[in-house]
Amino acid sequence: MGVFDPVIELGRGLGETLRSFFFEKTVTYQYPEQKREVRPRYRGRHVLKRYENGLEKCIGCSLCAAACPADAIFVEASENTDEKRFSPGERFASTYEINMLRCIYCGFCEDACPTEAIVLGDNYELSFTDRRQAIYTKDLLLESVPTTEMITPRKTEEGVFTRSVPEMQDPRD
Ligand code: SF4
Ligand code: SF4
């Protein structure tokens with residue numbers, strides 16, 4: 001090794017730093033002001049979806065809880081009436097909870113759901129200071145509605161929302 005070799009290597013290193021500083025796109029995100037876009041198949045925090053008319057997609061069938069390998073989901077169902085309707089069909093989830101400390105984000109709950117009610121979204125901001133905060137209840141998970149008329153429970157026309165599972169054109173949809 002020559003006496004000038006360390007200086008040459010130092011110069012090369014500095015050159016690399018200057019090249020990336022002036023010519024490369026910045027990859028650092030100024031989080032939390034700037035949030036990174038996640039990949040299309042990313043599995044983040046769950047969301048309980050609604051239909052376009054505001055009714056809840058969840059029918060309280062507990063298939064998600066049965067499919068969950070971590071036993072993270074707790075569902076309790078109650079009966080709908082046309083006077084006080086949450087979801088189409090007979091039943092809705094009166095209690096829906098996910099323990100995020102147990103969840104391994106496998107997506108089995110999403111796959112098991114017959115109405116596509118539970119979906120793993122793109123929210124990755126999960127932090128707790130207390131174990132109890134890790135239990136996400138239905139009001140935290142449920143999608144919000146754009147107008148107050150769409151809020152659940154609400155009164156619906158008699159005999160219209162009789163099917164729990166929507167009719168599908170193609171079973172692969
Ligand atoms: S993503 Fe997996 S572990 Fe988490 S609640 Fe759903 S089924 Fe359970
Ligand atoms: S989220 Fe889906 S699978 Fe789970 S209780 Fe509701 S309808 Fe059933």
# chains A, B, ... in the order shown; residues from 1 in each chain; ligands from 1
>>> select_by_dssp(residues="stretch 29-162 of chain A", states="strand (DSSP E)", output="PyMOL selection string")
chain A and resi 46-48+73-79+91-99+118-120+135-136
>>> closest_atom_pairs(of="chain A", to="ligand 2", cutoff="12 Å", atoms="only C-alpha atoms and all ligand atoms", output="CSV")
residue,atom,partner,partner_atom_place_in_ligand_line,distance
A:His46,CA,ligand 2,1 (S),9.9
A:Val47,CA,ligand 2,1 (S),9.3
A:Leu48,CA,ligand 2,1 (S),6.9
A:Lys49,CA,ligand 2,1 (S),8.7
A:Arg50,CA,ligand 2,1 (S),10.9
A:Glu56,CA,ligand 2,6 (Fe),9.0
A:Lys57,CA,ligand 2,7 (S),6.4
A:Cys58,CA,ligand 2,6 (Fe),3.7
A:Ile59,CA,ligand 2,7 (S),4.4
A:Gly60,CA,ligand 2,5 (S),3.8
A:Cys61,CA,ligand 2,8 (Fe),3.8
A:Ser62,CA,ligand 2,5 (S),3.9
A:Leu63,CA,ligand 2,3 (S),4.2
A:Cys64,CA,ligand 2,3 (S),4.0
A:Ala65,CA,ligand 2,4 (Fe),6.4
A:Ala66,CA,ligand 2,3 (S),8.4
A:Ala67,CA,ligand 2,3 (S),8.6
A:Cys68,CA,ligand 2,4 (Fe),9.9
A:Ala72,CA,ligand 2,4 (Fe),11.7
A:Ile73,CA,ligand 2,4 (Fe),8.4
A:Phe74,CA,ligand 2,5 (S),8.7
A:Val75,CA,ligand 2,5 (S),6.1
A:Glu76,CA,ligand 2,5 (S),8.2
A:Ala77,CA,ligand 2,5 (S),8.0
A:Ser78,CA,ligand 2,5 (S),11.3
A:Phe86,CA,ligand 2,6 (Fe),11.9
A:Ser87,CA,ligand 2,7 (S),9.7
A:Pro88,CA,ligand 2,7 (S),10.7
A:Gly89,CA,ligand 2,7 (S),11.1
A:Glu90,CA,ligand 2,7 (S),11.9
A:Arg91,CA,ligand 2,7 (S),9.5
A:Phe92,CA,ligand 2,6 (Fe),7.7
A:Ala93,CA,ligand 2,5 (S),6.5
A:Ser94,CA,ligand 2,5 (S),10.0
A:Thr95,CA,ligand 2,5 (S),9.5
A:Tyr96,CA,ligand 2,5 (S),7.7
A:Glu97,CA,ligand 2,4 (Fe),10.2
A:Ile98,CA,ligand 2,4 (Fe),10.6
A:Gly107,CA,ligand 2,3 (S),11.7
A:Phe108,CA,ligand 2,3 (S),9.9
A:Cys109,CA,ligand 2,3 (S),6.6
A:Glu110,CA,ligand 2,2 (Fe),7.4
A:Asp111,CA,ligand 2,3 (S),8.5
A:Ala112,CA,ligand 2,3 (S),5.8
A:Cys113,CA,ligand 2,3 (S),3.6
A:Pro114,CA,ligand 2,2 (Fe),5.9
A:Thr115,CA,ligand 2,7 (S),5.6
A:Glu116,CA,ligand 2,2 (Fe),6.2
A:Ala117,CA,ligand 2,1 (S),4.9
A:Ile118,CA,ligand 2,1 (S),4.5
A:Val119,CA,ligand 2,1 (S),8.3
A:Leu120,CA,ligand 2,1 (S),11.0
A:Lys138,CA,ligand 2,1 (S),10.4
A:Leu141,CA,ligand 2,1 (S),10.6
A:Leu142,CA,ligand 2,1 (S),10.5
A:Ser164,CA,ligand 2,7 (S),8.8
A:Val165,CA,ligand 2,7 (S),8.7
A:Pro166,CA,ligand 2,7 (S),11.4
>>> select_by_dssp(residues="chain A", states="helix (DSSP H, G or I)", output="ChimeraX atom specification")
/A:5-23,63-67,108-112,131-134,138-141,148-150
>>> atom_distance(atom1="atom CA of A:Arg43", atom2="atom CA of A:Tyr124")
8.4 Å
>>> atom_distance(atom1="atom CA of A:Glu125", atom2="atom CA of A:Leu101")
13.6 Å
>>> atom_distance(atom1="atom CA of A:Glu16", atom2="atom CA of A:Glu37")
28.1 Å
>>> closest_residue(among="A:Tyr105, A:Leu140, A:Asp130, A:Lys84", to="A:Glu158", atoms="only C-alpha atoms")
A:Lys84
>>> closest_residue(among="A:Cys103, A:Ala134, A:Val145, A:Met150", to="ligand 1", atoms="only C-alpha atoms and all ligand atoms")
A:Cys103
>>> closest_residue(among="A:Arg45, A:Arg163, A:Arg39, A:Lys25", to="ligand 1", atoms="only C-alpha atoms and all ligand atoms")
A:Arg45
>>> closest_residue(among="A:Glu9, A:Glu167, A:Asp71, A:Glu24", to="ligand 1", atoms="only C-alpha atoms and all ligand atoms")
A:Asp71
